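These notes concern the structure reproduced below.
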There are 2 protein chains.
Amino acid sequence: MLLLGGCAATTQTPDSIKSAPAAAAHKRDLAQEERNLALVLNFSEIVFNKHDLVLGKTMMTESYIQHNPHVASGRAAFLTFFAKVIAEHPQAHAEVVRSATDGDLVFVHVRSTGGASKNGVALVNIFRVENGKIAEHWDVVQPVPDTSNNENTMF
Amino acid sequence: MLLLGGCAATTQTPDSIKSAPAAAAHKRDLAQEERNLALVLNFSEIVFNKHDLVLGKTMMTESYIQHNPHVASGRAAFLTFFAKVIAEHPQAHAEVVRSATDGDLVFVHVRSTGGASKNGVALVNIFRVENGKIAEHWDVVQPVPDTSNNENTMF
């Protein structure tokens with residue numbers, strides 16, 4: 001469910017949320033969502049593990065909309081940025097631990113290793129799929145700390 | 001799709017992922033997933049916006065499994081932790097911008113404001129729902145930086 005502007009969670013009372021399930025917001029096509037997920041898993045493997053930017057490029061829209069604040073928008077800017085990451089960190093690897101979908105959105109929870117952060121990084125990538133290509137990307141990124149107040153790991 | 005251990009994204013070739021859609025991994029019950037989403041939106045509103053920990057407590061399992069490294073595991077530890085957050089930041093507010101589901105998992109992409117970070121915080125909360133209660137929590141948290149290389153915001 002994409003929550004635009006004044007979203008249900010903030011403008012309705014808890015009771016009204018209970019009585020108006022989020023399912024009403026839009027019709028979901030699970031088979032299409034699973035195809036979108038398969039595309040994102042494939043893209044993640046090709047780009048973030050195989051480091052094959054030539055093939056990866058074919059899976060993205062040219063206008064790829066970027067929300068990561070460290071990267072300019074557009075496919076070309078991402079490819080330039082990530083080529084530098086690979087050159088600096090040839091062991092960079094991303095393990096998708098769990099995922100979820102909604103409409104044209106795919107969320108993947110990722111354990112990223114082989115980069116600058118000694119304990120690795122926890123991140124969630126959110127991709128929007130448009131006509132079988134990756135069209136938009138948000139992420140949230142957090143280095144795994146040295147210590148934790150629980151024994152459960154971040155994953 | 002929960003990707004356990006050697007997950008599809010890392011143990012299969014891209015071609016085999018293409019030919020074996022993730023849908024085969026498990027059967028999904030969309031109506032149940034939407035009920036889980038409604039529960040999580042309700043819980044988020046009650047706890048993170050209304051700051052009603054008495055009601056929030058009733059929506060969590062006592063054994064609530066915590067993966068946020070700053071908080072001990074268990075429901076009681078979370079309630080103690082978040083009571084302190086509220087006391088220090090009474091304006092703390094969490095807007096769910098988008099969400100996704102998979103089986104018993106609900107992912108929510110959140111814009112958090114009113115806390116210690118001057119530009120607010122981007123985060124993804126992942127909750128596992130068990131018998132209508134919040135049973136487990138992972139998150140990834142990133143302060144919104146002062147500047148960005150694109151005009152799209154982190155949301």
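In the structure tokens, chains take letters A, B, ... by order of appearance, with residues numbered from 1 within each chain and ligands from 1 in the order shown.
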
Note to self: Taking the DSSP secondary structure from the backbone, can you list the residues of chain A that are strand (DSSP E), as a VMD selection string?
What the structure shows: chain A and resid 60 to 66 93 to 102 105 to 113 121 to 130 133 to 143

Dump of C-alpha atoms for the selected residues, as a compact mmCIF listing (two decimals), in the first residue's frame:
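Final file, out_33.txt:
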# COMPACT_ATOMS: atom_id res chain seq x y z
CA MET A 60 17.15 -0.35 -15.49
CA THR A 61 15.18 2.50 -17.03
CA GLU A 62 17.36 5.30 -18.37
CA SER A 63 15.51 7.79 -16.15
CA TYR A 64 16.06 5.62 -13.01
CA ILE A 65 14.98 7.86 -10.11
CA GLN A 66 17.49 7.88 -7.28
CA HIS A 93 28.74 -8.58 -1.62
CA ALA A 94 25.04 -8.21 -0.80
CA GLU A 95 23.01 -11.03 0.73
CA VAL A 96 19.25 -10.60 0.55
CA VAL A 97 17.98 -11.93 3.90
CA ARG A 98 14.24 -11.27 3.51
CA SER A 99 11.94 -9.38 1.20
CA ALA A 100 8.42 -8.08 0.74
CA THR A 101 6.30 -6.65 -2.06
CA ASP A 102 3.40 -4.30 -2.63
CA LEU A 105 7.36 -1.97 -5.02
CA VAL A 106 9.88 -4.56 -3.81
CA PHE A 107 11.64 -4.21 -0.42
CA VAL A 108 14.78 -6.27 0.27
CA HIS A 109 16.58 -6.45 3.63
CA VAL A 110 20.26 -6.86 2.85
CA ARG A 111 23.45 -7.79 4.69
CA SER A 112 26.22 -6.01 2.80
CA THR A 113 29.83 -7.07 3.34
CA VAL A 121 26.21 -2.86 6.73
CA ALA A 122 22.49 -3.44 7.21
CA LEU A 123 20.31 -1.89 4.57
CA VAL A 124 16.90 -2.01 3.02
CA ASN A 125 16.66 -1.34 -0.69
CA ILE A 126 13.25 -0.39 -2.06
CA PHE A 127 12.84 -0.68 -5.82
CA ARG A 128 9.92 0.36 -8.00
CA VAL A 129 9.47 -1.80 -11.08
CA GLU A 130 7.98 -0.36 -14.26
CA LYS A 133 12.65 -2.70 -15.44
CA ILE A 134 14.01 -1.12 -12.27
CA ALA A 135 12.71 2.46 -12.40
CA GLU A 136 13.22 3.97 -8.93
CA HIS A 137 15.25 3.33 -5.79
CA TRP A 138 15.12 4.32 -2.12
CA ASP A 139 17.35 2.95 0.59
CA VAL A 140 18.18 3.18 4.28
CA VAL A 141 21.72 2.21 5.30
CA GLN A 142 23.22 1.57 8.74
CA PRO A 143 26.67 0.19 9.61

Checklist line | Per-residue DSSP, chain B, filtered to alpha helix (DSSP H), as a VMD selection string | finding: chain B and resid 8 to 11 14 to 19 30 to 44 53 to 57 75 to 88

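Across the model, the gap from atom CA of Pro90 of chain B to atom CA of Pro145 of chain A is 27.0 Å.
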
Notebook entry, point to check: From the set A:Lys50, A:His67, A:His89, A:Lys118, which residue has the shortest atom-to-atom contact distance to Ser148 of chain B, counting only C-alpha atoms?
Noted result: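 Result for the nearest residue to Ser148 of chain B: A:His67.
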
Notebook entry, point to check: Between atom CA of Ala31 of chain A and atom CA of Glu33 of chain B, what is the distance, to one decimal in Å?
Noted result: 14.9 Å

Check: Leaving out Val54 of chain A and any residue of its chain fewer than 5 positions from it, which residues lie within 12 Å of it when counting only C-alpha atoms, given as a ChimeraX atom specification?
Finding: /A:43,46-47,59-60,75-76,79-80,82-83

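Straight-line separation from atom CA of His51 of chain A to atom CA of Ile86 of chain A: 7.1 Å.
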
Check: With only C-alpha atoms as the basis for distance, which of B:Asp29, B:Ala92, B:Met154, B:Val40 is at the shortest distance from chain A?
Finding: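 Smallest distance to chain A is found for B:Met154.
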
Margin query: Quick one: residues within 8 Å of Asn150 of chain B, only C-alpha atoms, excluding same-chain residues fewer than 3 positions away - as an NGL selection string?
Written below: (:A and (66-73)) or (:B and (153))

For all heavy atoms, I'd like the residues from the last selection saved as a tab-separated table (two decimals), in the first residue's frame.
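Heads up, here's the output in result-v6.tsv:
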chain	number	residue	atom	x	y	z
A	66	GLN	N	16.64	8.23	-8.42
A	66	GLN	CA	17.49	7.88	-7.28
A	66	GLN	C	17.11	8.70	-6.04
A	66	GLN	O	17.00	9.92	-6.13
A	66	GLN	CB	18.94	8.17	-7.64
A	66	GLN	CG	19.96	7.85	-6.58
A	66	GLN	CD	20.02	6.36	-6.24
A	66	GLN	OE1	19.43	5.89	-5.27
A	66	GLN	NE2	20.67	5.59	-7.11
A	67	HIS	N	16.91	8.01	-4.91
A	67	HIS	CA	16.65	8.71	-3.64
A	67	HIS	C	17.81	8.61	-2.66
A	67	HIS	O	17.81	9.31	-1.65
A	67	HIS	CB	15.37	8.16	-3.00
A	67	HIS	CG	14.13	8.46	-3.78
A	67	HIS	ND1	13.31	9.54	-3.52
A	67	HIS	CD2	13.57	7.84	-4.86
A	67	HIS	CE1	12.29	9.56	-4.38
A	67	HIS	NE2	12.43	8.53	-5.20
A	68	ASN	N	18.77	7.72	-2.91
A	68	ASN	CA	19.97	7.68	-2.05
A	68	ASN	C	20.67	9.02	-2.17
A	68	ASN	O	21.05	9.44	-3.27
A	68	ASN	CB	20.89	6.54	-2.51
A	68	ASN	CG	22.17	6.46	-1.67
A	68	ASN	OD1	22.83	7.46	-1.44
A	68	ASN	ND2	22.51	5.27	-1.23
A	69	PRO	N	20.87	9.72	-1.03
A	69	PRO	CA	21.37	11.10	-1.12
A	69	PRO	C	22.82	11.23	-1.60
A	69	PRO	O	23.26	12.34	-1.92
A	69	PRO	CB	21.21	11.62	0.32
A	69	PRO	CG	21.18	10.40	1.18
A	69	PRO	CD	20.53	9.33	0.35
A	70	HIS	N	23.53	10.10	-1.68
A	70	HIS	CA	24.93	10.17	-2.10
A	70	HIS	C	25.10	10.00	-3.60
A	70	HIS	O	26.23	10.08	-4.12
A	70	HIS	CB	25.74	9.09	-1.37
A	70	HIS	CG	25.69	9.22	0.12
A	70	HIS	ND1	26.21	10.30	0.79
A	70	HIS	CD2	25.12	8.44	1.07
A	70	HIS	CE1	26.00	10.17	2.09
A	70	HIS	NE2	25.33	9.05	2.27
A	71	VAL	N	24.02	9.76	-4.31
A	71	VAL	CA	24.11	9.43	-5.73
A	71	VAL	C	23.18	10.36	-6.52
A	71	VAL	O	22.04	10.59	-6.10
A	71	VAL	CB	23.71	7.96	-5.99
A	71	VAL	CG1	24.02	7.56	-7.42
A	71	VAL	CG2	24.41	7.02	-5.00
A	72	ALA	N	23.64	10.84	-7.65
A	72	ALA	CA	22.77	11.66	-8.50
A	72	ALA	C	21.70	10.78	-9.13
A	72	ALA	O	21.82	9.55	-9.20
A	72	ALA	CB	23.60	12.35	-9.58
A	73	SER	N	20.64	11.38	-9.60
A	73	SER	CA	19.55	10.63	-10.21
A	73	SER	C	19.93	10.19	-11.62
A	73	SER	O	20.83	10.74	-12.24
A	73	SER	CB	18.28	11.49	-10.23
A	73	SER	OG	17.12	10.68	-10.19
B	153	THR	N	14.62	13.69	-2.47
B	153	THR	CA	14.47	13.39	-1.03
B	153	THR	C	14.66	11.89	-0.79
B	153	THR	O	14.61	11.09	-1.72
B	153	THR	CB	13.11	13.83	-0.41
B	153	THR	OG1	12.12	12.81	-0.60
B	153	THR	CG2	12.64	15.17	-0.98
